[in-house]
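Pasting input.cif here (mmCIF, C-alpha atoms):
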data_run
#
loop_
_atom_site.group_PDB
_atom_site.id
_atom_site.type_symbol
_atom_site.label_atom_id
_atom_site.label_comp_id
_atom_site.auth_asym_id
_atom_site.auth_seq_id
_atom_site.Cartn_x
_atom_site.Cartn_y
_atom_site.Cartn_z
ATOM 1 C CA MET A 1 0.000 0.000 0.000
ATOM 2 C CA ALA A 2 1.301 3.424 -0.899
ATOM 3 C CA VAL A 3 0.217 6.931 0.033
ATOM 4 C CA VAL A 4 1.399 10.295 -1.250
ATOM 5 C CA VAL A 5 1.888 12.909 1.460
ATOM 6 C CA ARG A 6 2.755 16.596 1.298
ATOM 7 C CA THR A 7 4.971 18.087 4.011
ATOM 8 C CA GLU A 8 5.488 21.812 3.538
ATOM 9 C CA GLU A 9 6.632 22.056 -0.099
ATOM 10 C CA GLN A 10 7.824 18.454 -0.577
ATOM 11 C CA PHE A 11 5.771 15.436 -1.607
ATOM 12 C CA TYR A 12 6.694 11.914 -0.514
ATOM 13 C CA VAL A 13 5.402 8.454 -1.200
ATOM 14 C CA PHE A 14 5.256 6.161 1.834
ATOM 15 C CA VAL A 15 4.885 2.423 1.288
ATOM 16 C CA LYS A 16 4.211 -0.538 3.567
ATOM 17 C CA GLY A 17 4.060 -4.205 2.713
ATOM 18 C CA ALA A 18 5.494 -7.668 3.085
ATOM 19 C CA PRO A 19 9.280 -7.526 3.574
ATOM 20 C CA GLU A 20 9.878 -9.772 0.546
ATOM 21 C CA THR A 21 7.842 -7.449 -1.677
ATOM 22 C CA ILE A 22 9.327 -4.197 -0.398
ATOM 23 C CA GLN A 23 12.866 -5.627 -0.645
ATOM 24 C CA GLU A 24 12.506 -5.844 -4.432
ATOM 25 C CA ARG A 25 11.531 -2.167 -4.563
ATOM 26 C CA LEU A 26 14.362 -0.706 -2.478
ATOM 27 C CA SER A 27 17.202 1.222 -4.078
ATOM 28 C CA ASN A 28 19.584 -0.163 -1.432
ATOM 29 C CA VAL A 29 18.862 -3.185 0.783
ATOM 30 C CA PRO A 30 20.607 -2.989 4.183
ATOM 31 C CA ALA A 31 22.789 -5.982 5.057
ATOM 32 C CA PHE A 32 20.632 -6.798 8.098
ATOM 33 C CA TYR A 33 17.318 -6.640 6.222
ATOM 34 C CA VAL A 34 16.574 -10.324 5.550
ATOM 35 C CA SER A 35 17.992 -11.725 8.788
ATOM 36 C CA THR A 36 16.042 -9.188 10.839
ATOM 37 C CA TYR A 37 12.593 -9.755 9.369
ATOM 38 C CA LYS A 38 13.092 -13.527 9.311
ATOM 39 C CA ARG A 39 14.083 -13.531 12.982
ATOM 40 C CA TYR A 40 10.818 -11.807 13.886
ATOM 41 C CA THR A 41 8.649 -14.023 11.691
ATOM 42 C CA ARG A 42 10.233 -17.151 13.197
ATOM 43 C CA GLN A 43 9.157 -15.802 16.585
ATOM 44 C CA GLY A 44 5.567 -15.645 15.314
ATOM 45 C CA SER A 45 5.407 -11.889 14.789
ATOM 46 C CA ARG A 46 3.700 -10.129 11.902
ATOM 47 C CA VAL A 47 6.273 -7.978 10.091
ATOM 48 C CA LEU A 48 5.669 -5.108 7.684
ATOM 49 C CA ALA A 49 8.449 -3.285 5.872
ATOM 50 C CA LEU A 50 8.245 0.514 5.623
ATOM 51 C CA ALA A 51 9.841 2.604 2.888
ATOM 52 C CA TYR A 52 9.601 6.035 1.265
ATOM 53 C CA LYS A 53 10.927 8.341 -1.419
ATOM 54 C CA PRO A 54 10.482 11.995 -2.337
ATOM 55 C CA LEU A 55 8.490 12.685 -5.472
ATOM 56 C CA PRO A 56 9.923 15.186 -7.941
ATOM 57 C CA ASP A 57 7.730 18.250 -8.483
ATOM 58 C CA LYS A 58 6.831 17.268 -12.010
ATOM 59 C CA MET A 59 5.593 13.904 -10.747
ATOM 60 C CA VAL A 60 3.391 15.482 -8.063
ATOM 61 C CA SER A 61 1.136 17.207 -10.600
ATOM 62 C CA GLU A 62 0.777 13.876 -12.388
ATOM 63 C CA ALA A 63 0.400 11.784 -9.201
ATOM 64 C CA SER A 64 -3.068 10.481 -10.040
ATOM 65 C CA ASN A 65 -1.795 9.128 -13.371
ATOM 66 C CA LEU A 66 1.457 7.537 -12.197
ATOM 67 C CA ASP A 67 2.005 3.831 -12.633
ATOM 68 C CA ARG A 68 2.315 1.897 -9.390
ATOM 69 C CA GLU A 69 5.660 0.484 -10.550
ATOM 70 C CA VAL A 70 7.058 4.015 -10.893
ATOM 71 C CA VAL A 71 5.778 5.228 -7.527
ATOM 72 C CA GLU A 72 6.801 2.091 -5.630
ATOM 73 C CA SER A 73 10.351 1.728 -6.978
ATOM 74 C CA GLY A 74 13.666 3.228 -5.918
ATOM 75 C CA LEU A 75 12.483 3.386 -2.307
ATOM 76 C CA THR A 76 14.535 4.091 0.820
ATOM 77 C CA PHE A 77 14.149 1.609 3.671
ATOM 78 C CA ALA A 78 12.615 3.254 6.756
ATOM 79 C CA GLY A 79 12.235 0.305 9.133
ATOM 80 C CA PHE A 80 10.034 -2.590 10.139
ATOM 81 C CA ALA A 81 6.721 -2.521 11.971
ATOM 82 C CA VAL A 82 6.601 -5.648 14.127
ATOM 83 C CA PHE A 83 3.342 -6.834 15.637
ATOM 84 C CA ASN A 84 3.417 -9.499 18.298
ATOM 85 C CA CYS A 85 0.413 -11.808 18.266
ATOM 86 C CA PRO A 86 1.376 -14.616 20.623
ATOM 87 C CA ILE A 87 -0.119 -18.038 20.145
ATOM 88 C CA ARG A 88 -2.480 -18.943 22.972
ATOM 89 C CA GLY A 89 -1.085 -21.502 25.360
ATOM 90 C CA ASP A 90 -3.823 -24.019 24.620
ATOM 91 C CA SER A 91 -3.617 -23.748 20.808
ATOM 92 C CA ALA A 92 -1.307 -26.727 20.268
ATOM 93 C CA GLY A 93 -3.525 -29.003 22.365
ATOM 94 C CA VAL A 94 -6.692 -27.874 20.615
ATOM 95 C CA LEU A 95 -5.141 -28.408 17.175
ATOM 96 C CA LEU A 96 -3.925 -31.881 18.121
ATOM 97 C CA GLU A 97 -7.358 -32.799 19.487
ATOM 98 C CA LEU A 98 -9.020 -31.659 16.255
ATOM 99 C CA LYS A 99 -6.500 -33.598 14.182
ATOM 100 C CA ARG A 100 -7.069 -36.773 16.213
ATOM 101 C CA SER A 101 -10.835 -36.435 15.698
ATOM 102 C CA SER A 102 -10.368 -36.790 11.908
ATOM 103 C CA HIS A 103 -10.752 -33.094 11.110
ATOM 104 C CA ASP A 104 -8.635 -31.679 8.306
ATOM 105 C CA LEU A 105 -6.679 -28.698 9.562
ATOM 106 C CA VAL A 106 -5.898 -25.873 7.190
ATOM 107 C CA MET A 107 -4.090 -22.660 8.105
ATOM 108 C CA ILE A 108 -4.906 -19.723 5.847
ATOM 109 C CA THR A 109 -2.581 -16.766 6.267
ATOM 110 C CA GLY A 110 -1.133 -13.955 4.198
ATOM 111 C CA GLY A 111 1.940 -14.002 6.402
ATOM 112 C CA ASP A 112 5.318 -15.646 6.130
ATOM 113 C CA GLN A 113 5.322 -19.461 6.377
ATOM 114 C CA THR A 114 7.972 -19.347 9.111
ATOM 115 C CA SER A 115 5.456 -17.627 11.408
ATOM 116 C CA LEU A 116 3.611 -20.965 11.534
ATOM 117 C CA ASP A 117 6.650 -22.939 12.706
ATOM 118 C CA GLY A 118 6.099 -24.446 16.120
ATOM 119 C CA LEU A 119 2.439 -25.294 15.541
ATOM 120 C CA PRO A 120 2.032 -29.080 15.525
ATOM 121 C CA CYS A 121 0.073 -29.084 12.261
ATOM 122 C CA CYS A 122 1.838 -26.371 10.370
ATOM 123 C CA SER A 123 5.624 -26.582 10.721
ATOM 124 C CA SER A 124 7.468 -25.853 7.472
ATOM 125 C CA SER A 125 10.241 -28.295 8.368
#

Would you encode the structure as structure tokens?
Amino acid sequence: MAVVVRTEEQFYVFVKGAPETIQERLSNVPAFYVSTYKRYTRQGSRVLALAYKPLPDKMVSEASNLDREVVESGLTFAGFAVFNCPIRGDSAGVLLELKRSSHDLVMITGGDQTSLDGLPCCSSS
């Protein structure tokens, strides 16, 4: 998701999204980028990457007609937003009980597969 914001006389585009997606759109990927977001996802956290870039004046007047690829490329990494959503203590037991009772278990998530590691039904290993 991208938004265009005006601060005083300068326009910026701010973007948030999955770290893998934003990584492809950065002008320079920090050395710690991949290891950092993967560490958080392995801990079960939801991770969003944040990035931005200034828009040249000529682009601002044309902002409503810009292609997404143009706006969301050449970005500068701003950081990660990390959301901790801990798994309830009884989740593993409930999932195992459902599995033993012949229920098919399916996990539907837009997140990173490694965030499911540690669940008895969903480990990627």

Counting only C-alpha atoms, select every polymer residue within 10 Å of (6.0, 11.8, -2.6) as defined in the file's coordinates, and provide the selection as a list in words.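 Taken together, the residues in range are Ala2, Val3, Val4, Val5, Arg6, Thr7, Gln10, Phe11, Tyr12, Val13, Phe14, Tyr52, Lys53, Pro54, Leu55, Pro56, Asp57, Met59, Val60, Ala63 and Val71 of chain A.
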
Residues from the last selection, C-alpha atoms, saved as a PDB file, in the frame of the given file:
ATOM      1  CA  ALA A   2       1.301   3.424  -0.899  1.00  0.00           C
ATOM      2  CA  VAL A   3       0.217   6.931   0.033  1.00  0.00           C
ATOM      3  CA  VAL A   4       1.399  10.295  -1.250  1.00  0.00           C
ATOM      4  CA  VAL A   5       1.888  12.909   1.460  1.00  0.00           C
ATOM      5  CA  ARG A   6       2.755  16.596   1.298  1.00  0.00           C
ATOM      6  CA  THR A   7       4.971  18.087   4.011  1.00  0.00           C
ATOM      7  CA  GLN A  10       7.824  18.454  -0.577  1.00  0.00           C
ATOM      8  CA  PHE A  11       5.771  15.436  -1.607  1.00  0.00           C
ATOM      9  CA  TYR A  12       6.694  11.914  -0.514  1.00  0.00           C
ATOM     10  CA  VAL A  13       5.402   8.454  -1.200  1.00  0.00           C
ATOM     11  CA  PHE A  14       5.256   6.161   1.834  1.00  0.00           C
ATOM     12  CA  TYR A  52       9.601   6.035   1.265  1.00  0.00           C
ATOM     13  CA  LYS A  53      10.927   8.341  -1.419  1.00  0.00           C
ATOM     14  CA  PRO A  54      10.482  11.995  -2.337  1.00  0.00           C
ATOM     15  CA  LEU A  55       8.490  12.685  -5.472  1.00  0.00           C
ATOM     16  CA  PRO A  56       9.923  15.186  -7.941  1.00  0.00           C
ATOM     17  CA  ASP A  57       7.730  18.250  -8.483  1.00  0.00           C
ATOM     18  CA  MET A  59       5.593  13.904 -10.747  1.00  0.00           C
ATOM     19  CA  VAL A  60       3.391  15.482  -8.063  1.00  0.00           C
ATOM     20  CA  ALA A  63       0.400  11.784  -9.201  1.00  0.00           C
ATOM     21  CA  VAL A  71       5.778   5.228  -7.527  1.00  0.00           C
TER      22      VAL A  71
END

Counting only C-alpha atoms, the residue of A:Leu98, A:Val82, A:Ala31, A:Val47 that sits nearest Gly17 in chain A: A:Val47

Would you kindly return, as a list in words, each protein, DNA or RNA residue with an atom no farther than 10 Å from any atom of Glu20 in chain A, considering only C-alpha atoms and excluding same-chain residues fewer than 6 positions away?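 Everything that qualifies: Tyr33, Val34, Tyr37, Leu48, Ala49 and Asp112 of chain A.
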
When the PyMOL selection byres ((chain A and resi 81) around 12) is applied to the structure above, which residues does it catch, written out as a ChimeraX atom specification? /A:15-19,36-37,40-41,45-51,77-80,82-84

In Å, with one decimal, what is the gap from CA of Asn65 in chain A to CA of Met1 in chain A? 16.3 Å

Reference answer for the PyMOL selection byres ((chain A and resi 74) around 7), as a PyMOL selection string: chain A and resi 25-27+72-73+75-76

Selection above as a file: C-alpha atoms, as a CSV table (one decimal), in the frame of the given file:
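Output below, filename again_11.csv:
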chain,number,residue,atom,x,y,z
A,25,ARG,CA,11.5,-2.2,-4.6
A,26,LEU,CA,14.4,-0.7,-2.5
A,27,SER,CA,17.2,1.2,-4.1
A,72,GLU,CA,6.8,2.1,-5.6
A,73,SER,CA,10.4,1.7,-7.0
A,75,LEU,CA,12.5,3.4,-2.3
A,76,THR,CA,14.5,4.1,0.8

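In this structure, CA of Arg88 in chain A sits 25.9 Å away from CA of Ser35 in chain A.
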
Please enclose the listed atoms of range 79-97 of chain A in an axis-aligned box, pad each side by 6 Å, and write out the centre and the three edge lengths in Å, rounded to one decimal, as JSON.
{"center_x": 2.4, "center_y": -16.2, "center_z": 17.2, "size_x": 31.6, "size_y": 45.1, "size_z": 28.2}

Atom pair CA of Glu24 in chain A / CA of Gln43 in chain A: separation (Å): 23.5 Å
